[in-house]
>>> print(open('model_8.tsv').read())   # TSV, C-alpha atoms and all ligand atoms
chain	number	residue	atom	x	y	z
A	1	MET	CA	35.56	41.93	23.59
A	2	ASN	CA	34.87	45.50	22.41
A	3	GLN	CA	31.44	46.02	23.99
A	4	GLY	CA	30.42	48.98	21.83
A	5	LYS	CA	31.01	47.35	18.46
A	6	LYS	CA	29.07	44.70	16.53
A	7	PRO	CA	31.20	41.57	15.99
A	8	LEU	CA	32.49	40.93	12.47
A	9	VAL	CA	31.35	37.65	10.90
A	10	ILE	CA	33.70	35.83	8.51
A	11	GLY	CA	32.01	33.11	6.43
A	12	LEU	CA	34.47	30.38	5.44
A	13	ALA	CA	33.01	27.88	2.97
A	14	GLY	CA	34.45	25.20	0.66
A	15	GLY	CA	34.03	21.52	-0.06
A	16	SER	CA	34.64	18.82	2.51
A	17	GLY	CA	38.41	18.32	2.79
A	18	SER	CA	39.23	21.63	1.12
A	19	GLY	CA	41.02	22.88	4.26
A	20	LYS	CA	38.39	25.12	5.88
A	21	THR	CA	39.15	24.03	9.43
A	22	THR	CA	42.89	24.35	8.84
A	23	VAL	CA	42.53	27.87	7.39
A	24	ALA	CA	40.20	28.94	10.24
A	25	LYS	CA	42.73	27.73	12.84
A	26	GLU	CA	45.65	29.40	11.04
A	27	ILE	CA	43.80	32.75	10.92
A	28	SER	CA	42.77	32.38	14.55
A	29	LYS	CA	46.39	31.69	15.65
A	30	ARG	CA	47.45	35.08	14.25
A	31	LEU	CA	44.86	37.05	16.26
A	32	PRO	CA	44.40	37.75	19.99
A	33	GLN	CA	42.71	34.60	21.31
A	34	ASP	CA	40.16	36.45	23.43
A	35	ARG	CA	38.88	38.38	20.40
A	36	ILE	CA	38.11	35.59	17.93
A	37	LEU	CA	35.98	32.47	17.94
A	38	ILE	CA	35.38	29.70	15.41
A	39	LEU	CA	31.79	28.54	14.98
A	40	PRO	CA	31.80	25.26	13.01
A	41	GLU	CA	28.64	24.56	11.02
A	42	ASP	CA	29.32	20.84	11.65
A	43	ALA	CA	28.35	21.37	15.31
A	44	TYR	CA	24.82	22.14	14.12
A	45	TYR	CA	24.01	18.88	12.35
A	46	ASN	CA	20.51	17.73	13.30
A	47	ASP	CA	20.17	15.65	16.42
A	48	ASN	CA	19.40	12.25	14.84
A	49	SER	CA	19.37	10.29	18.08
A	50	ALA	CA	15.76	9.19	17.44
A	51	LEU	CA	16.85	7.41	14.22
A	52	THR	CA	18.34	3.91	14.03
A	53	MET	CA	21.96	3.57	12.88
A	54	GLU	CA	20.77	2.26	9.50
A	55	GLU	CA	18.51	5.31	9.10
A	56	ARG	CA	21.35	7.66	10.11
A	57	LYS	CA	23.62	6.14	7.48
A	58	LYS	CA	21.06	6.96	4.77
A	59	VAL	CA	20.95	10.72	5.56
A	60	ASN	CA	22.47	13.11	3.01
A	61	TYR	CA	24.83	15.07	5.28
A	62	ASP	CA	25.75	17.43	2.46
A	63	HIS	CA	22.19	18.68	1.96
A	64	PRO	CA	20.94	21.84	3.76
A	65	SER	CA	18.17	19.78	5.42
A	66	ALA	CA	20.82	17.86	7.42
A	67	TYR	CA	21.56	20.98	9.47
A	68	ASP	CA	19.69	22.64	12.33
A	69	THR	CA	20.16	26.07	10.71
A	70	ASP	CA	17.50	27.61	12.96
A	71	LEU	CA	19.59	26.78	16.04
A	72	LEU	CA	22.75	28.03	14.32
A	73	ILE	CA	21.07	31.35	13.49
A	74	GLU	CA	19.60	31.64	16.99
A	75	GLN	CA	23.07	31.17	18.56
A	76	LEU	CA	24.78	33.42	16.01
A	77	LYS	CA	22.27	36.17	16.81
A	78	ALA	CA	22.94	35.72	20.54
A	79	LEU	CA	26.71	35.99	20.00
A	80	LEU	CA	26.19	39.10	17.87
A	81	ALA	CA	24.17	40.55	20.74
A	82	GLY	CA	27.10	39.92	23.08
A	83	GLU	CA	25.61	36.86	24.81
A	84	ALA	CA	27.35	33.54	25.48
A	85	VAL	CA	25.84	30.32	24.05
A	86	GLU	CA	25.96	26.59	24.73
A	87	MET	CA	27.13	25.27	21.36
A	88	PRO	CA	26.05	21.71	20.55
A	89	THR	CA	28.68	19.10	19.69
A	90	TYR	CA	28.49	16.41	17.03
A	91	ASN	CA	29.85	12.88	17.12
A	92	PHE	CA	30.79	11.64	13.63
A	93	SER	CA	31.26	8.07	14.85
A	94	ILE	CA	27.65	7.68	16.03
A	95	LEU	CA	26.31	10.09	13.35
A	96	SER	CA	24.40	12.17	15.87
A	97	ARG	CA	24.59	15.07	18.28
A	98	ALA	CA	26.59	14.37	21.42
A	99	LYS	CA	25.35	15.08	24.97
A	100	ASP	CA	27.99	17.69	25.79
A	101	THR	CA	27.77	21.32	24.82
A	102	ILE	CA	30.60	23.85	24.66
A	103	HIS	CA	30.25	27.18	26.43
A	104	VAL	CA	31.12	29.87	23.86
A	105	GLU	CA	31.71	33.47	24.90
A	106	PRO	CA	31.06	36.22	22.34
A	107	ALA	CA	34.06	37.70	20.51
A	108	ASP	CA	34.83	40.58	18.16
A	109	ILE	CA	35.46	38.24	15.22
A	110	ILE	CA	33.36	35.16	14.53
A	111	ILE	CA	34.59	32.70	11.89
A	112	LEU	CA	31.56	30.74	10.70
A	113	GLU	CA	33.07	27.73	8.97
A	114	GLY	CA	31.27	25.01	6.99
A	115	ILE	CA	30.41	23.55	3.60
A	116	LEU	CA	27.09	25.43	3.24
A	117	VAL	CA	27.62	28.75	5.02
A	118	LEU	CA	27.75	30.72	1.76
A	119	SER	CA	25.04	28.66	0.10
A	120	SER	CA	22.35	29.58	2.64
A	121	PRO	CA	20.72	33.00	1.99
A	122	GLU	CA	19.61	33.06	5.65
A	123	LEU	CA	23.22	32.72	6.82
A	124	ARG	CA	24.72	34.99	4.15
A	125	GLN	CA	22.81	37.98	5.51
A	126	PHE	CA	24.89	37.77	8.72
A	127	ILE	CA	28.27	37.45	6.96
A	128	ASP	CA	30.50	40.50	6.49
A	129	ILE	CA	33.51	38.90	4.76
A	130	LYS	CA	33.01	35.82	2.58
A	131	LEU	CA	35.87	33.37	1.94
A	132	PHE	CA	35.85	30.18	-0.14
A	133	VAL	CA	38.60	27.59	0.23
A	134	ASP	CA	39.15	25.88	-3.09
A	135	ALA	CA	40.77	22.53	-3.85
A	136	ASP	CA	40.47	20.03	-6.70
A	137	ASP	CA	37.93	17.23	-6.30
A	138	ASP	CA	40.57	14.48	-6.22
A	139	ILE	CA	42.61	16.27	-3.54
A	140	ARG	CA	39.53	16.79	-1.39
A	141	PHE	CA	38.51	13.16	-1.81
A	142	ILE	CA	41.96	11.84	-0.88
A	143	ARG	CA	42.10	14.04	2.23
A	144	ARG	CA	38.61	12.95	3.23
A	145	LEU	CA	39.54	9.28	2.75
A	146	GLN	CA	42.55	9.69	5.05
A	147	ARG	CA	40.71	11.77	7.66
A	148	ASP	CA	37.51	9.72	7.80
A	149	THR	CA	39.34	6.39	8.18
A	150	GLN	CA	41.65	7.81	10.86
A	151	GLU	CA	39.32	10.16	12.76
A	152	ARG	CA	35.70	9.41	11.94
A	153	GLY	CA	35.66	5.59	12.20
A	154	ARG	CA	34.69	4.99	8.56
A	155	SER	CA	35.58	2.12	6.20
A	156	ILE	CA	36.99	2.83	2.73
A	157	ASP	CA	33.88	1.26	1.10
A	158	TRP	CA	31.60	3.53	3.16
A	159	ILE	CA	33.58	6.67	2.27
A	160	ILE	CA	33.58	5.86	-1.46
A	161	ALA	CA	29.85	4.97	-1.53
A	162	GLN	CA	28.88	8.12	0.42
A	163	TYR	CA	31.11	10.31	-1.74
A	164	LEU	CA	29.50	9.09	-4.98
A	165	ALA	CA	25.92	9.02	-3.67
A	166	THR	CA	25.69	12.33	-1.80
A	167	VAL	CA	28.95	14.24	-1.19
A	168	LYS	CA	29.87	14.85	-4.83
A	169	PRO	CA	26.34	15.59	-6.16
A	170	SER	CA	25.62	17.96	-3.27
A	171	TYR	CA	28.99	19.68	-3.71
A	172	ASN	CA	28.03	20.35	-7.33
A	173	GLN	CA	24.51	21.44	-6.43
A	174	PHE	CA	25.12	23.59	-3.32
A	175	VAL	CA	28.78	24.20	-2.44
A	176	GLU	CA	30.48	24.99	-5.75
A	177	PRO	CA	27.74	27.44	-6.87
A	178	SER	CA	28.20	29.36	-3.59
A	179	LYS	CA	31.75	30.27	-4.66
A	180	LYS	CA	30.27	33.17	-6.62
A	181	TYR	CA	29.35	34.89	-3.35
A	182	ALA	CA	32.95	34.85	-2.08
A	183	ASP	CA	34.93	38.06	-1.68
A	184	ILE	CA	38.13	36.02	-1.74
A	185	ILE	CA	38.80	32.51	-3.09
A	186	ILE	CA	41.69	30.75	-1.34
A	187	PRO	CA	43.41	27.98	-3.29
A	188	GLN	CA	45.77	25.49	-1.52
A	189	GLY	CA	43.91	25.97	1.78
A	190	GLY	CA	46.06	25.74	4.89
A	191	GLU	CA	49.25	25.87	2.81
A	192	ASN	CA	48.37	29.31	1.42
A	193	GLN	CA	50.41	31.47	3.79
A	194	VAL	CA	49.97	34.57	1.61
A	195	ALA	CA	46.16	34.44	1.73
A	196	ILE	CA	46.10	33.54	5.43
A	197	ASP	CA	48.50	36.40	6.28
A	198	MET	CA	46.51	38.89	4.17
A	199	VAL	CA	43.18	37.97	5.76
A	200	SER	CA	44.70	37.96	9.26
A	201	SER	CA	46.33	41.40	8.70
A	202	LYS	CA	43.00	42.80	7.52
A	203	LEU	CA	41.25	41.41	10.60
A	204	LEU	CA	43.97	42.76	12.91
A	205	SER	CA	43.63	46.22	11.40
A	206	ILE	CA	39.84	46.08	11.86
A	207	LEU	CA	40.33	45.02	15.50
A	208	ASN	CA	42.75	47.89	16.09
A	209	SER	CA	40.67	50.53	14.32
B	1	LIG	N1	47.17	21.90	2.39
B	1	LIG	C1	47.02	20.69	2.91
B	1	LIG	N2	47.87	19.69	2.59
B	1	LIG	C2	47.70	18.47	3.09
B	1	LIG	N3	46.72	18.09	3.95
B	1	LIG	C3	45.87	19.04	4.30
B	1	LIG	C4	45.96	20.39	3.82
B	1	LIG	N4	44.94	21.09	4.35
B	1	LIG	C5	44.26	20.24	5.11
B	1	LIG	N5	44.82	19.02	5.12
B	1	LIG	C6	44.35	17.82	5.81
B	1	LIG	O1	43.16	17.40	5.13
B	1	LIG	C7	42.14	17.05	6.07
B	1	LIG	C8	40.94	17.96	5.85
B	1	LIG	O2	41.33	19.29	6.17
B	1	LIG	P1	40.31	20.24	6.94
B	1	LIG	O3	41.02	21.52	7.20
B	1	LIG	O4	39.72	19.51	8.10
B	1	LIG	O5	39.24	20.44	5.77
B	1	LIG	P2	37.70	20.80	5.86
B	1	LIG	O6	37.47	21.49	7.16
B	1	LIG	O7	37.49	21.70	4.67
B	1	LIG	O8	36.97	19.51	5.71
B	1	LIG	C9	42.76	17.18	7.46
B	1	LIG	O9	43.19	15.91	7.87
B	1	LIG	C10	43.93	18.14	7.25
B	1	LIG	O10	44.97	17.88	8.15
B	2	LIG	N1	27.31	12.02	10.16
B	2	LIG	C1	28.02	12.72	9.27
B	2	LIG	C2	27.95	14.11	9.22
B	2	LIG	C3	28.71	14.78	8.26
B	2	LIG	N2	29.49	14.08	7.41
B	2	LIG	C4	30.30	14.78	6.40
B	2	LIG	O1	30.99	15.88	6.94
B	2	LIG	C5	31.28	16.77	5.88
B	2	LIG	C6	31.36	18.18	6.39
B	2	LIG	O2	32.44	18.32	7.26
B	2	LIG	P1	33.89	18.80	6.74
B	2	LIG	O3	34.62	19.03	8.04
B	2	LIG	O4	34.47	17.70	5.93
B	2	LIG	O5	33.67	20.03	5.95
B	2	LIG	C7	30.16	16.64	4.87
B	2	LIG	O6	30.71	16.53	3.56
B	2	LIG	C8	29.45	15.33	5.28
B	2	LIG	O7	29.39	14.40	4.23
B	2	LIG	C9	29.53	12.72	7.48
B	2	LIG	O8	30.25	12.06	6.68
B	2	LIG	N3	28.80	12.06	8.41
>>> encode(input="model_8.tsv", output="structure tokens")
Amino acid sequence: MNQGKKPLVIGLAGGSGSGKTTVAKEISKRLPQDRILILPEDAYYNDNSALTMEERKKVNYDHPSAYDTDLLIEQLKALLAGEAVEMPTYNFSILSRAKDTIHVEPADIIILEGILVLSSPELRQFIDIKLFVDADDDIRFIRRLQRDTQERGRSIDWIIAQYLATVKPSYNQFVEPSKKYADIIIPQGGENQVAIDMVSSKLLSILNS
């Protein structure tokens, strides 16, 4: 890490299933690994271990109140100050924070990736470059259906009910309106080699300047 320089924060927002994680990893792969870190907003979901499983299932996980944004900001500030943090981890199968933390060292470039990172005014003030990954609703839903059945232990009925009750309304209320804050809108997510190469080249030139 360049000790004398403030890290650059990239905010990478977009709907669930739009390809944020894929884009973040693709950008990261093109940069020196010791100079970039990905900070997933998902890691900062509230610790709901005091709730029953039935209560956890009723939470709107697409609403700002589902996140421990204070902890996210506290750890982001520490990383910006050149300090390492113990990042929480989240378990989607039990719908709560896991016991383990991940030790994260500061880096010159921080990719802050999550559905609401551009929607929150508190987070936006820390973000230098704002990206929004865009994909049609049906594409995002299909990807989510495949991912959540395979990786997050969800039934098809659960995914459909949650999508209609909270995911879609909250996308329309919080995520889509945050697109207006983006410096760059990336369609086709992880498949968009041109956008990924352009952003990576820009970041490389900043690192080398
Ligand atoms: N361009 C794409 N074409 C097909 N599948 C994709 C594409 N981008 C992402 N995926 C898949 O869709 C799912 C969601 O992608 P992910 O990057 O995790 O999105 P997000 O982080 O926005 O929720 C993953 O299973 C991923 O492999
Ligand atoms: N217990 C939880 C917590 C979150 N979700 C969903 O995750 C989505 C955000 O993550 P992406 O990687 O898809 O951007 C969000 O839309 C929540 O609905 C969940 O289903 N269960």
>>> residues_around(input="model_8.tsv", residues="A:Ser18", least_positions_apart="6", cutoff="10 Å", atoms="only C-alpha atoms", output="NGL selection string")
:A and (115 or 132-137 or 139-141 or 143-144 or 186-190)
>>> write_last_selection(input="model_8.tsv", atoms="C-alpha atoms", output="compact mmCIF listing (two decimals), in the frame of the given file")
# COMPACT_ATOMS: atom_id res chain seq x y z
CA ILE A 115 30.41 23.55 3.60
CA PHE A 132 35.85 30.18 -0.14
CA VAL A 133 38.60 27.59 0.23
CA ASP A 134 39.15 25.88 -3.09
CA ALA A 135 40.77 22.53 -3.85
CA ASP A 136 40.47 20.03 -6.70
CA ASP A 137 37.93 17.23 -6.30
CA ILE A 139 42.61 16.27 -3.54
CA ARG A 140 39.53 16.79 -1.39
CA PHE A 141 38.51 13.16 -1.81
CA ARG A 143 42.10 14.04 2.23
CA ARG A 144 38.61 12.95 3.23
CA ILE A 186 41.69 30.75 -1.34
CA PRO A 187 43.41 27.98 -3.29
CA GLN A 188 45.77 25.49 -1.52
CA GLY A 189 43.91 25.97 1.78
CA GLY A 190 46.06 25.74 4.89
>>> axis_aligned_box(input="model_8.tsv", around="ligand LIG 1 (chain B)", padding_each_side="4 Å", output="lines of an AutoDock Vina configuration file")
center_x = 42.4
center_y = 18.9
center_z = 5.3
size_x = 18.9
size_y = 14.0
size_z = 13.8
>>> residues_around(input="model_8.tsv", residues="stretch 40-43 of chain A", least_positions_apart="6", cutoff="10 Å", atoms="all atoms listed in the file", output="list of chain:residue names")
A:Leu12, A:Ala13, A:Lys20, A:Thr21, A:Ala24, A:Tyr61, A:Ala66, A:Tyr67, A:Asp68, A:Thr69, A:Leu72, A:Met87, A:Pro88, A:Thr89, A:Tyr90, A:Asn91, A:Phe92, A:Arg97, A:Ala98, A:Thr101, A:Ile102, A:Ile111, A:Leu112, A:Glu113, A:Gly114, A:Ile115, A:Leu116, A:Val117
>>> atom_distance(input="model_8.tsv", atom1="atom CA of A:Ile185", atom2="atom CA of A:Val23")
12.1 Å
>>> closest_residue(input="model_8.tsv", among="A:Glu83, A:Val175, A:Glu26, A:Asp47", to="A:Ala195", atoms="only C-alpha atoms")
A:Glu26
>>> closest_residue(input="model_8.tsv", among="A:Ile206, A:Val199, A:Leu80, A:Val85", to="A:Leu131", atoms="all atoms listed in the file")
A:Val199
>>> residues_around(input="model_8.tsv", residues="stretch 158-174 of chain A", least_positions_apart="5", cutoff="7 Å", atoms="only C-alpha atoms", output="list in words")
Gly15, Asn60, Asp62, His63, Ser119 and Leu145 of chain A
>>> atom_distance(input="model_8.tsv", atom1="atom CA of A:Leu118", atom2="atom CA of A:Asp197")
22.0 Å
>>> atom_distance(input="model_8.tsv", atom1="atom CA of A:Met53", atom2="atom O7 of ligand LIG 2 (chain B)")
15.7 Å
>>> closest_residue(input="model_8.tsv", among="A:Leu123, A:Ile38, A:Ala107, A:Ile94", to="A:Asp70", atoms="only C-alpha atoms")
A:Leu123
>>> closest_residue(input="model_8.tsv", among="A:Ser201, A:Thr149, A:Gln125, A:Asn192", to="ligand LIG 2 (chain B)", atoms="all atoms listed in the file")
A:Thr149
>>> closest_residue(input="model_8.tsv", among="A:Glu176, A:Glu122, A:Asp183, A:Glu151", to="ligand LIG 1 (chain B)", atoms="only C-alpha atoms and all ligand atoms")
A:Glu151
>>> residues_near_point(input="model_8.tsv", point="(45.2, 38.7, 15.7)", cutoff="12 Å", atoms="only C-alpha atoms", output="MDAnalysis selection string")
chainID A and resid 25:37 108:109 196:208
>>> closest_residue(input="model_8.tsv", among="A:Ile127, A:Ile10, A:Leu95, A:Ile184", to="A:Lys58", atoms="only C-alpha atoms")
A:Leu95
